[in-house]
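Coordinates as given in start-v8.cif (mmCIF, C-alpha atoms):
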data_entry
#
loop_
_atom_site.label_atom_id
_atom_site.label_comp_id
_atom_site.auth_asym_id
_atom_site.auth_seq_id
_atom_site.Cartn_x
_atom_site.Cartn_y
_atom_site.Cartn_z
CA MET A 189 -6.54 22.16 -55.35
CA ALA A 190 -4.42 19.09 -56.03
CA LYS A 191 -5.59 15.51 -56.42
CA GLN A 192 -3.41 12.69 -55.14
CA ALA A 193 -2.50 10.39 -58.04
CA SER A 194 -0.02 8.23 -56.15
CA ILE A 195 -0.89 4.85 -54.69
CA ILE A 196 0.15 6.35 -51.34
CA THR A 197 -2.94 7.94 -49.82
CA LEU A 198 -2.36 10.42 -47.03
CA LYS A 199 -4.67 12.05 -44.48
CA GLY A 200 -3.71 14.93 -42.22
CA ARG A 201 -1.10 17.67 -42.44
CA VAL A 202 2.44 17.61 -43.83
CA GLY A 203 4.02 21.03 -43.50
CA ARG A 204 1.71 23.52 -45.21
CA LEU A 205 -0.19 20.80 -47.04
CA SER A 206 -3.42 19.24 -45.78
CA PHE A 207 -4.43 15.83 -47.14
CA TYR A 208 -8.01 14.66 -46.86
CA LYS A 209 -10.48 12.19 -48.34
CA THR A 210 -13.64 13.15 -50.24
CA LYS A 211 -16.15 11.32 -52.39
CA ASP A 212 -13.96 12.31 -55.35
CA GLY A 213 -10.88 10.66 -53.89
CA TYR A 214 -7.90 11.87 -51.88
CA LEU A 215 -7.17 15.59 -52.26
CA ALA A 216 -4.51 17.97 -51.04
CA ARG A 217 -4.51 21.71 -50.45
CA GLU A 218 -2.10 24.27 -49.11
CA LYS A 219 -2.76 25.95 -45.81
CA GLY A 220 -4.36 29.32 -46.42
CA GLY A 221 -6.25 32.08 -44.67
CA VAL A 222 -5.14 35.01 -42.59
CA GLU A 223 -2.54 34.51 -39.87
CA LYS A 224 -3.96 34.59 -36.33
CA SER A 225 -1.47 37.24 -35.20
CA ARG A 226 -2.73 39.57 -37.92
CA ILE A 227 -6.37 38.99 -36.95
CA MET A 228 -5.59 39.77 -33.32
CA ASN A 229 -3.59 42.96 -34.01
CA ASP A 230 -4.44 44.48 -37.40
CA PRO A 231 -6.90 47.42 -37.06
CA ARG A 232 -8.62 46.22 -40.24
CA PHE A 233 -9.81 43.13 -38.32
CA ALA A 234 -11.38 45.08 -35.45
CA ARG A 235 -14.89 43.89 -36.38
CA THR A 236 -13.65 40.30 -36.53
CA ARG A 237 -12.17 40.58 -33.03
CA GLU A 238 -15.43 42.05 -31.74
CA ASN A 239 -17.40 39.17 -33.25
CA MET A 240 -14.98 36.64 -31.76
CA GLN A 241 -15.30 38.15 -28.28
CA GLU A 242 -19.10 38.11 -28.36
CA PHE A 243 -19.16 34.63 -29.86
CA THR A 244 -16.98 33.39 -26.99
CA ASP A 245 -19.29 34.88 -24.35
CA ASN A 246 -22.31 33.35 -26.05
CA ALA A 247 -20.65 29.93 -26.32
CA ASN A 248 -19.65 29.93 -22.64
CA SER A 249 -23.08 31.15 -21.52
CA SER A 250 -24.91 28.60 -23.67
CA LYS A 251 -22.77 25.78 -22.27
CA LEU A 252 -23.60 26.89 -18.72
CA VAL A 253 -27.33 26.78 -19.51
CA LYS A 254 -27.07 23.38 -21.21
CA ASP A 255 -25.10 21.92 -18.30
CA ALA A 256 -27.68 23.21 -15.82
CA LEU A 257 -30.54 21.75 -17.87
CA ARG A 258 -28.78 18.42 -18.40
CA PRO A 259 -31.27 16.47 -16.22
CA VAL A 260 -34.04 17.58 -18.58
CA ILE A 261 -32.41 17.64 -22.00
CA SER A 262 -30.71 14.27 -21.54
CA LYS A 263 -34.21 12.76 -21.78
CA VAL A 264 -35.26 14.86 -24.78
CA SER A 265 -34.32 13.62 -28.24
CA ASP A 266 -33.76 16.79 -30.26
CA PRO A 267 -30.38 16.81 -32.03
CA ARG A 268 -30.80 20.46 -32.98
CA LEU A 269 -31.46 21.69 -29.44
CA GLY A 270 -27.88 22.85 -28.93
CA LEU A 271 -27.95 24.89 -32.13
CA ARG A 272 -31.37 26.37 -31.35
CA LEU A 273 -30.28 27.33 -27.85
CA ASN A 274 -27.08 28.96 -29.13
CA GLN A 275 -29.11 30.99 -31.63
CA GLN A 276 -31.59 32.13 -28.99
CA MET A 277 -28.81 33.00 -26.55
CA MET A 278 -27.15 35.10 -29.27
CA LYS A 279 -30.41 37.06 -29.54
CA VAL A 280 -30.20 37.65 -25.78
CA LEU A 281 -26.58 38.84 -26.13
CA LYS A 282 -27.40 41.18 -29.02
CA SER A 283 -30.19 42.74 -26.95
CA ASP A 284 -27.59 44.03 -24.45
CA ALA A 285 -28.24 47.78 -24.46
CA LEU A 286 -25.54 48.57 -21.88
CA SER A 287 -22.37 47.59 -23.74
CA VAL A 288 -20.64 48.71 -26.91
CA ARG A 289 -20.31 46.35 -29.88
CA GLY A 290 -17.74 43.67 -29.15
CA GLU A 291 -18.38 43.81 -25.40
CA ARG A 292 -22.03 42.77 -25.32
CA LYS A 293 -22.78 39.89 -22.97
CA VAL A 294 -25.61 37.44 -22.41
CA LYS A 295 -25.90 38.47 -18.75
CA ASN A 296 -26.82 42.04 -19.76
CA GLY A 297 -29.34 41.07 -22.44
CA ASN A 298 -33.10 40.61 -22.41
CA TRP A 299 -33.39 37.34 -20.48
CA ASP A 300 -37.10 37.17 -21.28
CA LEU A 301 -36.19 36.09 -24.82
CA LEU A 302 -35.66 32.54 -23.51
CA GLY A 303 -39.19 32.32 -22.12
CA GLY A 304 -41.45 29.90 -23.97
CA MET A 305 -38.63 28.00 -25.68
CA GLU A 306 -39.49 24.38 -26.49
CA LEU A 307 -36.73 21.87 -25.69
CA ASN A 308 -37.98 19.29 -28.18
CA ILE A 309 -39.04 20.88 -31.46
CA ARG A 310 -40.70 17.60 -32.54
CA ALA A 311 -42.87 17.27 -29.42
CA SER A 312 -44.02 20.58 -28.00
CA LEU A 313 -45.28 20.61 -24.44
CA SER A 314 -48.59 22.23 -25.39
CA ARG A 315 -49.29 19.39 -27.83
CA THR A 316 -48.29 16.72 -25.33
CA LEU A 317 -49.95 17.93 -22.13
CA LEU A 318 -53.43 18.85 -23.31
CA PHE A 319 -54.74 20.32 -20.06
CA ASP A 320 -54.52 23.89 -18.79
CA ILE A 321 -51.09 24.37 -17.20
CA ARG A 322 -51.06 26.87 -14.32
CA ALA A 323 -47.59 28.12 -13.37
CA LEU A 324 -47.48 30.44 -10.35
CA ASP A 325 -44.38 32.55 -9.73
CA SER A 326 -43.79 34.17 -6.34
CA PRO A 327 -40.70 35.55 -4.56
CA ALA A 328 -40.39 32.35 -2.52
CA SER A 329 -41.35 29.64 -4.99
CA TRP A 330 -42.28 28.62 -8.51
CA GLU A 331 -45.01 26.04 -8.75
CA VAL A 332 -47.18 24.24 -11.28
CA GLN A 333 -50.67 23.07 -10.41
CA ILE A 334 -51.63 19.85 -12.17
CA PRO A 335 -55.37 19.06 -12.17
CA THR A 336 -56.94 15.63 -11.90
CA LEU A 337 -56.13 13.96 -15.21
CA LEU A 338 -57.59 11.36 -17.50
CA PRO A 339 -54.41 10.50 -19.45
CA SER A 340 -56.25 8.95 -22.40
CA ASP A 341 -57.91 12.32 -23.07
CA GLU A 342 -55.42 14.86 -21.72
CA ILE A 343 -51.97 13.48 -22.54
CA ALA A 344 -50.70 12.70 -26.05
CA TYR A 345 -48.60 9.70 -25.07
CA PRO A 346 -46.76 7.58 -27.66
CA THR A 347 -47.77 4.08 -28.70
CA GLY A 348 -46.36 1.56 -26.25
CA ALA A 349 -46.12 3.97 -23.32
CA GLU A 350 -47.51 2.58 -20.08
CA GLY A 351 -46.53 5.32 -17.67
CA PHE A 352 -45.54 8.99 -17.48
CA ARG A 353 -44.25 11.52 -15.04
CA ILE A 354 -44.29 15.32 -15.04
CA ILE A 355 -41.22 17.20 -13.84
CA ALA A 356 -40.63 20.78 -12.69
CA THR A 357 -37.03 22.00 -12.85
CA GLY A 358 -35.60 25.24 -11.50
CA VAL A 359 -32.19 26.51 -12.61
CA GLY A 360 -30.04 29.29 -11.15
CA LEU A 361 -27.10 30.70 -13.13
CA ASP A 362 -24.22 33.05 -12.32
CA PHE A 363 -22.51 33.97 -15.59
CA ASP A 364 -19.68 35.88 -13.89
CA ALA A 365 -18.72 33.00 -11.62
CA GLY A 366 -19.62 30.30 -14.16
CA THR A 367 -21.70 28.45 -11.56
CA ARG A 368 -25.12 26.82 -11.70
CA SER A 369 -27.68 25.23 -9.39
CA THR A 370 -30.59 22.95 -10.23
CA VAL A 371 -33.65 21.79 -8.27
CA THR A 372 -36.02 19.13 -9.59
CA VAL A 373 -39.46 18.09 -8.31
CA THR A 374 -41.46 15.32 -9.97
CA THR A 375 -44.64 13.34 -9.77
CA PRO A 376 -44.30 9.59 -9.33
CA ILE A 377 -44.51 7.50 -12.48
CA LEU A 378 -48.24 7.30 -13.18
CA PRO A 379 -50.09 4.80 -15.39
CA VAL A 380 -51.58 6.09 -18.63
CA SER A 381 -54.50 3.69 -18.15
CA ALA A 382 -55.98 5.26 -14.99
CA PRO A 383 -56.99 8.73 -13.75
CA ALA A 384 -54.24 10.69 -11.99
CA GLU A 385 -54.93 12.77 -8.90
CA ALA A 386 -54.28 16.50 -8.79
CA ALA A 387 -50.75 17.49 -7.75
CA VAL A 388 -48.62 20.57 -7.11
CA LEU A 389 -44.97 20.68 -8.14
CA SER A 390 -43.18 23.41 -6.18
CA ILE A 391 -39.60 24.69 -6.53
CA ASP A 392 -38.18 26.37 -3.42
CA LYS A 393 -36.27 29.37 -4.80
CA SER A 394 -34.05 29.57 -1.71
CA GLN A 395 -32.31 26.44 -2.99
CA LEU A 396 -31.27 28.21 -6.18
CA SER A 397 -28.29 30.54 -6.36
CA GLY A 398 -27.30 32.96 -9.09
CA THR A 399 -28.49 36.03 -10.93
CA HIS A 400 -30.49 34.50 -13.79
CA PHE A 401 -33.18 31.84 -13.40
CA LEU A 402 -35.09 29.41 -15.64
CA PHE A 403 -38.10 27.28 -14.72
CA VAL A 404 -38.94 24.31 -16.92
CA LEU A 405 -41.85 21.89 -17.10
CA SER A 406 -41.30 18.55 -18.84
CA VAL A 407 -42.90 15.14 -19.29
CA GLU A 408 -41.28 11.71 -19.76
CA PHE A 409 -42.79 8.41 -20.87
CA TYR A 410 -42.10 4.89 -19.60
CA LEU A 411 -42.82 1.27 -20.31
CA THR A 412 -43.03 -1.46 -17.66
CA VAL A 413 -41.25 -4.82 -17.76
CA ASN A 414 -41.69 -7.26 -14.87
CA SER A 415 -42.93 -4.51 -12.55
CA THR A 416 -39.93 -2.28 -13.35
CA ASP A 417 -40.34 1.07 -15.15
CA TYR A 418 -37.94 1.93 -17.96
CA HIS A 419 -37.53 5.03 -20.10
CA MET A 420 -38.75 4.41 -23.61
CA ASN A 421 -35.88 3.74 -25.99
CA ASN A 422 -35.89 7.21 -27.52
CA GLY A 423 -36.94 10.60 -26.26
CA ASP A 424 -38.78 11.63 -29.41
CA HIS A 425 -42.05 12.11 -27.51
CA ASN A 426 -40.64 13.55 -24.29
CA ALA A 427 -41.42 17.26 -24.14
CA GLY A 428 -40.05 20.19 -22.18
CA LYS A 429 -40.52 23.93 -22.19
CA ILE A 430 -38.96 26.95 -20.48
CA MET A 431 -42.08 28.29 -18.79
CA THR A 432 -40.73 31.20 -16.74
CA VAL A 433 -37.53 33.26 -16.63
CA SER A 434 -36.41 35.83 -14.06
CA GLN A 435 -33.42 37.81 -12.87
CA ALA A 436 -32.21 38.77 -9.43
#
Could you show the structure in this file as structure tokens?
Amino acid sequence: MAKQASIITLKGRVGRLSFYKTKDGYLAREKGGVEKSRIMNDPRFARTRENMQEFTDNANSSKLVKDALRPVISKVSDPRLGLRLNQQMMKVLKSDALSVRGERKVKNGNWDLLGGMELNIRASLSRTLLFDIRALDSPASWEVQIPTLLPSDEIAYPTGAEGFRIIATGVGLDFDAGTRSTVTVTTPILPVSAPAEAAVLSIDKSQLSGTHFLFVLSVEFYLTVNSTDYHMNNGDHNAGKIMTVSQA
């Protein structure tokens, strides 16, 4: 590895040389590694090609799930969620018992492996909603029954929060077509200072299309300024969890 001694500091590529800055100054190195054409054709790189193919399927499938869950995860502050989801989806792919190595796909794996996944590792749903959560799954609907609540005792809300709402989200995915559908049902924003009446959040499954389904329960917190409700500045305390998974 070469160190640039000239007063001319470069960044980027010049021919086969790459120039870059580090804490030790400006360095240069020659382009190395195996040529792509060799990786794609040499029999000795068969395992590498298999890994690449499965990695691509996992990346595309994970993106489809993240896009479908965007209404939920956009409110959840967990910078490692994408990585955690990719890792869990890879476990689903590797559980594919139908395909040979290199051709395994998420759609053929054990979809149940996503069940119970927390969307915010720093604020689990079970430690935020402290009441018994009843999720009922039927061929026509997925619903959550929320009992009468005393928020001060049954919700671990953050300091400064004045309101909350609980959201049920249903997601349908078609990995072959690359399509998704999302249905969301929510309570109104409720004050943390008063009892909340019992409610039922119900997702109509006929509104979801696809072959693989996820059902998520989440909670968001709000503050009120001049009679207007605003999301709290960060989503550190917002929680969400994949409660139920199913396949067509």
_Atom pair CA of Glu238 (chain A) / CA of Arg292 (chain A): separation (Å)_ = 9.2 Å
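Candidate residues A:Phe403, A:Tyr410, A:Trp299, A:Phe243 were compared for distance to Gly428 (chain A), and the nearest is A:Phe403, using all atoms listed in the file.
Of the listed residues (A:Pro383, A:Gly358, A:Gly270, A:Pro376), A:Pro383 comes nearest to Asp341 (chain A); the distances count only C-alpha atoms.
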_Hits from the PyMOL selection byres ((chain A and resi 323) around 8), listed as an NGL selection string_ = :A and (321-322 or 324-325 or 330-333 or 431)
*Convert the output of the PyMOL selection byres ((chain A and resi 400) around 7) on the shown file into explicit residues, formatted as a list in words.*
Gly360, Leu361, Asp362, Gly398, Thr399, Phe401, Ser434, Gln435 and Ala436 of chain A
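Here CA of Ser394 (chain A) and CA of Ala256 (chain A) stand 16.7 Å from one another.
Proximity to Ser287 (chain A) was assessed for A:Val253, A:Gly304, A:Glu242, A:Val264 counting only C-alpha atoms; the smallest distance is recorded for A:Glu242.
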Output region 235-269 of chain A with N, CA and C atoms present, as an mmCIF file, keeping the file's coordinate frame.
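Dumped everything to out.cif:
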data_model
loop_
_atom_site.group_PDB
_atom_site.id
_atom_site.type_symbol
_atom_site.label_atom_id
_atom_site.label_comp_id
_atom_site.auth_asym_id
_atom_site.auth_seq_id
_atom_site.Cartn_x
_atom_site.Cartn_y
_atom_site.Cartn_z
ATOM 1 N N ARG A 235 -13.542 44.478 -36.421
ATOM 2 C CA ARG A 235 -14.890 43.890 -36.380
ATOM 3 C C ARG A 235 -14.809 42.389 -36.143
ATOM 4 N N THR A 236 -13.814 41.747 -36.730
ATOM 5 C CA THR A 236 -13.650 40.300 -36.530
ATOM 6 C C THR A 236 -13.366 39.998 -35.063
ATOM 7 N N ARG A 237 -12.489 40.798 -34.451
ATOM 8 C CA ARG A 237 -12.170 40.580 -33.030
ATOM 9 C C ARG A 237 -13.399 40.806 -32.155
ATOM 10 N N GLU A 238 -14.199 41.806 -32.500
ATOM 11 C CA GLU A 238 -15.430 42.050 -31.740
ATOM 12 C C GLU A 238 -16.378 40.858 -31.839
ATOM 13 N N ASN A 239 -16.533 40.335 -33.059
ATOM 14 C CA ASN A 239 -17.400 39.170 -33.250
ATOM 15 C C ASN A 239 -16.893 37.966 -32.466
ATOM 16 N N MET A 240 -15.580 37.775 -32.470
ATOM 17 C CA MET A 240 -14.980 36.640 -31.760
ATOM 18 C C MET A 240 -15.244 36.745 -30.259
ATOM 19 N N GLN A 241 -15.107 37.960 -29.721
ATOM 20 C CA GLN A 241 -15.300 38.150 -28.280
ATOM 21 C C GLN A 241 -16.747 37.865 -27.880
ATOM 22 N N GLU A 242 -17.696 38.348 -28.672
ATOM 23 C CA GLU A 242 -19.100 38.110 -28.360
ATOM 24 C C GLU A 242 -19.478 36.648 -28.585
ATOM 25 N N PHE A 243 -18.903 36.043 -29.614
ATOM 26 C CA PHE A 243 -19.160 34.630 -29.860
ATOM 27 C C PHE A 243 -18.677 33.788 -28.688
ATOM 28 N N THR A 244 -17.521 34.135 -28.123
ATOM 29 C CA THR A 244 -16.980 33.390 -26.990
ATOM 30 C C THR A 244 -17.891 33.500 -25.773
ATOM 31 N N ASP A 245 -18.390 34.710 -25.493
ATOM 32 C CA ASP A 245 -19.290 34.880 -24.350
ATOM 33 C C ASP A 245 -20.569 34.078 -24.558
ATOM 34 N N ASN A 246 -21.091 34.097 -25.781
ATOM 35 C CA ASN A 246 -22.310 33.350 -26.050
ATOM 36 C C ASN A 246 -22.085 31.852 -25.914
ATOM 37 N N ALA A 247 -20.952 31.367 -26.414
ATOM 38 C CA ALA A 247 -20.650 29.930 -26.320
ATOM 39 C C ALA A 247 -20.533 29.502 -24.869
ATOM 40 N N ASN A 248 -19.823 30.276 -24.057
ATOM 41 C CA ASN A 248 -19.650 29.930 -22.640
ATOM 42 C C ASN A 248 -20.984 29.995 -21.891
ATOM 43 N N SER A 249 -21.789 31.007 -22.188
ATOM 44 C CA SER A 249 -23.080 31.150 -21.520
ATOM 45 C C SER A 249 -24.037 30.031 -21.916
ATOM 46 N N SER A 250 -24.039 29.688 -23.198
ATOM 47 C CA SER A 250 -24.910 28.600 -23.670
ATOM 48 C C SER A 250 -24.522 27.282 -23.031
ATOM 49 N N LYS A 251 -23.227 27.030 -22.903
ATOM 50 C CA LYS A 251 -22.770 25.780 -22.270
ATOM 51 C C LYS A 251 -23.227 25.718 -20.815
ATOM 52 N N LEU A 252 -23.168 26.857 -20.119
ATOM 53 C CA LEU A 252 -23.600 26.890 -18.720
ATOM 54 C C LEU A 252 -25.081 26.539 -18.614
ATOM 55 N N VAL A 253 -25.892 27.086 -19.519
ATOM 56 C CA VAL A 253 -27.330 26.780 -19.510
ATOM 57 C C VAL A 253 -27.570 25.313 -19.818
ATOM 58 N N LYS A 254 -26.892 24.792 -20.839
ATOM 59 C CA LYS A 254 -27.070 23.380 -21.210
ATOM 60 C C LYS A 254 -26.649 22.448 -20.082
ATOM 61 N N ASP A 255 -25.551 22.760 -19.415
ATOM 62 C CA ASP A 255 -25.100 21.920 -18.300
ATOM 63 C C ASP A 255 -26.117 21.936 -17.164
ATOM 64 N N ALA A 256 -26.695 23.107 -16.896
ATOM 65 C CA ALA A 256 -27.680 23.210 -15.820
ATOM 66 C C ALA A 256 -28.952 22.454 -16.149
ATOM 67 N N LEU A 257 -29.315 22.430 -17.440
ATOM 68 C CA LEU A 257 -30.540 21.750 -17.870
ATOM 69 C C LEU A 257 -30.309 20.290 -18.237
ATOM 70 N N ARG A 258 -29.109 19.784 -17.998
ATOM 71 C CA ARG A 258 -28.780 18.420 -18.400
ATOM 72 C C ARG A 258 -29.778 17.380 -17.908
ATOM 73 N N PRO A 259 -30.285 17.469 -16.649
ATOM 74 C CA PRO A 259 -31.270 16.470 -16.220
ATOM 75 C C PRO A 259 -32.516 16.414 -17.092
ATOM 76 N N VAL A 260 -32.857 17.538 -17.719
ATOM 77 C CA VAL A 260 -34.040 17.580 -18.580
ATOM 78 C C VAL A 260 -33.677 17.174 -20.004
ATOM 79 N N ILE A 261 -32.673 17.840 -20.582
ATOM 80 C CA ILE A 261 -32.410 17.640 -22.000
ATOM 81 C C ILE A 261 -31.778 16.291 -22.304
ATOM 82 N N SER A 262 -31.238 15.606 -21.295
ATOM 83 C CA SER A 262 -30.710 14.270 -21.540
ATOM 84 C C SER A 262 -31.825 13.287 -21.863
ATOM 85 N N LYS A 263 -33.062 13.630 -21.505
ATOM 86 C CA LYS A 263 -34.210 12.760 -21.780
ATOM 87 C C LYS A 263 -34.974 13.201 -23.026
ATOM 88 N N VAL A 264 -34.558 14.312 -23.623
ATOM 89 C CA VAL A 264 -35.260 14.860 -24.780
ATOM 90 C C VAL A 264 -34.432 14.608 -26.033
ATOM 91 N N SER A 265 -35.033 13.963 -27.016
ATOM 92 C CA SER A 265 -34.320 13.620 -28.240
ATOM 93 C C SER A 265 -34.536 14.704 -29.291
ATOM 94 N N ASP A 266 -33.704 15.730 -29.258
ATOM 95 C CA ASP A 266 -33.760 16.790 -30.260
ATOM 96 C C ASP A 266 -32.317 17.150 -30.620
ATOM 97 N N PRO A 267 -31.779 16.589 -31.690
ATOM 98 C CA PRO A 267 -30.380 16.810 -32.030
ATOM 99 C C PRO A 267 -30.043 18.249 -32.378
ATOM 100 N N ARG A 268 -31.049 19.063 -32.638
ATOM 101 C CA ARG A 268 -30.800 20.460 -32.980
ATOM 102 C C ARG A 268 -30.994 21.403 -31.789
ATOM 103 N N LEU A 269 -31.217 20.844 -30.602
ATOM 104 C CA LEU A 269 -31.460 21.690 -29.440
ATOM 105 C C LEU A 269 -30.271 22.594 -29.152
#
